[in-house]
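A short worksheet on the structure shown next.
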Amino acid sequence: MIVDCHIHAWKYPEHFNKEAMLANQPQRRHAWPEEKFKAMWDNPIERYLEVMGDLVGKAVIMGLKSEQTYGVNTPNEYLASEARKRPDKLSWCCCVVPTEKGAPDEVEKCVKEYGAVGVGELGPAYGNYFANDRSCYPVYEVCQALEVPVFIHAGPSQPRRLRMKYGDVLAVDDVAIDFPRLKIVICHMGYYRYEDASFLLCKHENVYADISWLASLSGLERSTLPRYLPTVNHPFSHFAYPLLYHLSQTFGDTDKILWGTDWSASPPRESIEALRGINAYLKSHSLPEIPERTIENILHENWKKVFKSF
Ligand SMILES: [Zn+2]
């Protein structure tokens, strides 16, 4: 079964702090009518269900809590209710700001009572905290005890109000050392700090990565290129390189990379095609190819190492 380990769903305007959201937008959008913002942001789960078809067996909905910086805050009740619509096709991860006092109790409640299969996506740069801040530790403690993974967007991100210092991928090193039984998934393979993320995967048995969003960022999904992509689209930097770099230096388990789309960032069909088409790209550039088995494991197998149950 192919599992999309990282998708999103949210509602506009219900889950948005408009002032914070606007602060990250170019000035020309500030006068947009509400319908345009709704068209840009509204992301109900039904849209994903339409495109996942039979191709994707199951998808995991992630939350995001960034009320004051990015301007999005998805309530856990909403995520749970979206996942409940199609329990055969959807699971969910609860989201918290781990530095907040009630966060460990919220995680425990979501996992035990509402069936969350993990925690995420935690966004240190989205919430102005470091992933290794000691005030986050009670949340990691609960995740480790409940045997649920934590998905961390550990690297930086583009919105201008997010502070890059908090997107320090290396902060995951402390968490992995201090919680050796906690499964940590570095989202987007640490974008753009791929080498640091890769080293953490090699160094720590309990650290994994997802490649969500990268296929779209790399421009490999030619039919669906979003307009924000760079002027020169080249699949090397953000797709071929992170995978090749990791597979060329890993000295342990090579199967620690999970597939995901970060929907609505990437559509699943095109993202799978991009991954399965990577060897054609590598070959045409005289680059080393990735074993087919490694590619299929990214799609079908590696998620089993992270999630205890669905
Ligand atoms: Zn995400």
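Chain labels A, B, ... are given in the sequence in which chains occur in the structure tokens; within each chain residues are numbered consecutively from 1, and ligands are likewise numbered from 1 in the order shown.
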Report task. Please return as a ChimeraX atom specification: the residues of region 64-201 of chain A that backbone DSSP assigns to strand (DSSP E). Result -> /A:65-66,72-73,90-94,118-122,150-152,184-186
Selection export as a PDB file, in the first residue's frame, atoms kept: C-alpha atoms:
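What landed in part_26.pdb:
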```pdb
ATOM      1  CA  LYS A  65      -0.185  25.778  14.463  1.00  0.00           C
ATOM      2  CA  SER A  66       1.243  29.132  13.520  1.00  0.00           C
ATOM      3  CA  VAL A  72      -2.756  29.309  10.205  1.00  0.00           C
ATOM      4  CA  ASN A  73      -4.082  27.320  13.125  1.00  0.00           C
ATOM      5  CA  LEU A  90      -7.352   8.773   6.070  1.00  0.00           C
ATOM      6  CA  SER A  91      -5.479   9.000   9.369  1.00  0.00           C
ATOM      7  CA  TRP A  92      -4.361  12.099  11.203  1.00  0.00           C
ATOM      8  CA  CYS A  93      -1.661  13.612  13.374  1.00  0.00           C
ATOM      9  CA  CYS A  94      -2.545  16.036  16.125  1.00  0.00           C
ATOM     10  CA  GLY A 118       1.248  10.770  15.466  1.00  0.00           C
ATOM     11  CA  VAL A 119       2.058  14.367  16.288  1.00  0.00           C
ATOM     12  CA  GLY A 120       2.726  16.984  13.653  1.00  0.00           C
ATOM     13  CA  GLU A 121       3.624  18.830  11.874  1.00  0.00           C
ATOM     14  CA  LEU A 122       5.497  20.680  14.558  1.00  0.00           C
ATOM     15  CA  VAL A 150       6.600  13.194  15.800  1.00  0.00           C
ATOM     16  CA  PHE A 151       6.836  15.014  12.448  1.00  0.00           C
ATOM     17  CA  ILE A 152       8.995  18.132  12.671  1.00  0.00           C
ATOM     18  CA  ILE A 184      11.257  11.587  14.599  1.00  0.00           C
ATOM     19  CA  VAL A 185      10.414  12.394  10.988  1.00  0.00           C
ATOM     20  CA  ILE A 186      12.150  15.443   9.503  1.00  0.00           C
TER      21      ILE A 186
END
```
Exercise answer, 7 Å around ligand 1 with only C-alpha atoms and all ligand atoms, as a list of chain:residue names:
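Answer in the requested format: A:His6, A:Ile7, A:His8, A:Met62, A:Glu121, A:Asp262.
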Of the candidates A:Ile2, A:Ala39, A:Leu146, A:Leu64, which shows the shortest atom-to-atom distance to Gly127 (chain A), using only C-alpha atoms?
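The shortest atom-to-atom distance to Gly127 (chain A) comes from A:Leu64.
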With distances taken over only C-alpha atoms, the candidate from A:Glu46, A:Thr74, A:Gly252, A:Glu205 nearest Pro13 (chain A) is A:Thr74
Which residues are near region 263-265 of chain A? Cut-off 9 Å, only C-alpha atoms, ignore same chain within fewer than 2 positions. Put them as an MDAnalysis selection string. chainID A and resid 6:9 43 47:48 212:213 216:217 226 260:261 267:268
Output the selection as an mmCIF file, in the first residue's frame - C-alpha atoms for each residue.
```cif
data_model
loop_
_atom_site.group_PDB
_atom_site.id
_atom_site.type_symbol
_atom_site.label_atom_id
_atom_site.label_comp_id
_atom_site.auth_asym_id
_atom_site.auth_seq_id
_atom_site.Cartn_x
_atom_site.Cartn_y
_atom_site.Cartn_z
ATOM 1 C CA HIS A 6 2.032 14.195 4.869
ATOM 2 C CA ILE A 7 -1.020 16.104 3.640
ATOM 3 C CA HIS A 8 -2.899 19.154 4.895
ATOM 4 C CA ALA A 9 -6.491 20.288 5.168
ATOM 5 C CA ASN A 43 -8.320 23.204 1.337
ATOM 6 C CA ARG A 47 -10.374 17.616 -2.896
ATOM 7 C CA TYR A 48 -7.646 15.244 -1.851
ATOM 8 C CA SER A 212 6.857 15.751 0.827
ATOM 9 C CA TRP A 213 6.690 18.949 -1.275
ATOM 10 C CA SER A 216 6.741 19.948 -6.730
ATOM 11 C CA LEU A 217 9.538 22.287 -5.661
ATOM 12 C CA PRO A 226 2.928 26.155 -9.456
ATOM 13 C CA GLY A 260 4.401 12.418 0.984
ATOM 14 C CA THR A 261 2.934 15.287 -1.000
ATOM 15 C CA PRO A 267 -0.701 16.363 -6.328
ATOM 16 C CA PRO A 268 -0.210 12.654 -5.512
#
```
Show me, as a ChimeraX atom specification, the residues that have an atom within 8 Å of Thr99 (chain A) when counting only C-alpha atoms, minus same-chain residues fewer than 3 positions from it. /A:103,129,133,135-136
Written file, previous selection with C-alpha atoms, as a PDB file, in the first residue's frame:
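Once written, again26.pdb looks like this:
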```pdb
ATOM      1  CA  ALA A 103       0.375  20.515  25.006  1.00  0.00           C
ATOM      2  CA  TYR A 129      10.785  28.028  19.357  1.00  0.00           C
ATOM      3  CA  ASP A 133      13.907  23.779  23.728  1.00  0.00           C
ATOM      4  CA  SER A 135       9.939  23.236  27.316  1.00  0.00           C
ATOM      5  CA  CYS A 136       9.099  20.950  24.348  1.00  0.00           C
TER       6      CYS A 136
END
```
Quick one: pull the distance between CA of Gly102 (chain A) and CA of Gln68 (chain A), Å, one decimal.
->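 It comes out at 18.3 Å.
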**Interatomic distance (Å, one decimal) between CA of Gly167 (chain A) and CA of Pro124 (chain A)** =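 Computed distance, CA of Gly167 (chain A) to CA of Pro124 (chain A), equals 6.2 Å.
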What's the 12 Å shell around Lys101 (chain A), counting only C-alpha atoms, without same-chain residues fewer than 5 positions away, as a PDB file with N, CA and C atoms, in the first residue's frame?
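See out_2.pdb below for the written result:
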```pdb
ATOM      1  N   VAL A  96       0.288  20.557  18.080  1.00  0.00           N
ATOM      2  CA  VAL A  96       0.333  21.422  19.261  1.00  0.00           C
ATOM      3  C   VAL A  96       1.498  22.393  19.085  1.00  0.00           C
ATOM      4  N   GLU A 106      -2.910  17.503  25.692  1.00  0.00           N
ATOM      5  CA  GLU A 106      -3.641  17.534  24.426  1.00  0.00           C
ATOM      6  C   GLU A 106      -3.212  16.359  23.537  1.00  0.00           C
ATOM      7  N   VAL A 107      -1.914  16.113  23.493  1.00  0.00           N
ATOM      8  CA  VAL A 107      -1.404  14.996  22.681  1.00  0.00           C
ATOM      9  C   VAL A 107      -1.965  13.669  23.212  1.00  0.00           C
ATOM     10  N   SER A 135      11.380  23.167  27.041  1.00  0.00           N
ATOM     11  CA  SER A 135       9.939  23.236  27.316  1.00  0.00           C
ATOM     12  C   SER A 135       9.134  22.367  26.344  1.00  0.00           C
ATOM     13  N   CYS A 136       9.781  21.883  25.273  1.00  0.00           N
ATOM     14  CA  CYS A 136       9.099  20.950  24.348  1.00  0.00           C
ATOM     15  C   CYS A 136       9.191  19.511  24.865  1.00  0.00           C
ATOM     16  N   TYR A 137      10.078  19.262  25.801  1.00  0.00           N
ATOM     17  CA  TYR A 137      10.388  17.877  26.161  1.00  0.00           C
ATOM     18  C   TYR A 137       9.207  17.072  26.720  1.00  0.00           C
ATOM     19  N   PRO A 138       8.315  17.693  27.499  1.00  0.00           N
ATOM     20  CA  PRO A 138       7.168  16.895  27.977  1.00  0.00           C
ATOM     21  C   PRO A 138       6.331  16.317  26.828  1.00  0.00           C
ATOM     22  N   VAL A 139       6.239  17.031  25.713  1.00  0.00           N
ATOM     23  CA  VAL A 139       5.496  16.502  24.551  1.00  0.00           C
ATOM     24  C   VAL A 139       6.237  15.300  23.963  1.00  0.00           C
TER      25      VAL A 139
END
```
Counting only C-alpha atoms, the residue among A:His30, A:Arg163, A:His300, A:Lys38 that lies closest to Glu14 (chain A) is A:Lys38
Quiz item: So which residues touch region 238-247 of chain A within 6 Å, counting only C-alpha atoms, skipping near sequence neighbours fewer than 3 positions away, as number ranges by chain?
Solution: A: 194, 198, 214, 218, 235, 250
Min atom-atom distance to Ile211 (chain A) from the set A:Trp259, A:Tyr281, A:Phe251, A:Phe236, counting only C-alpha atoms, belongs to A:Trp259
Judged by only C-alpha atoms, the minimum distance to Asp210 (chain A) among A:Trp303, A:Thr294, A:Gln27, A:Phe16 is found for A:Trp303
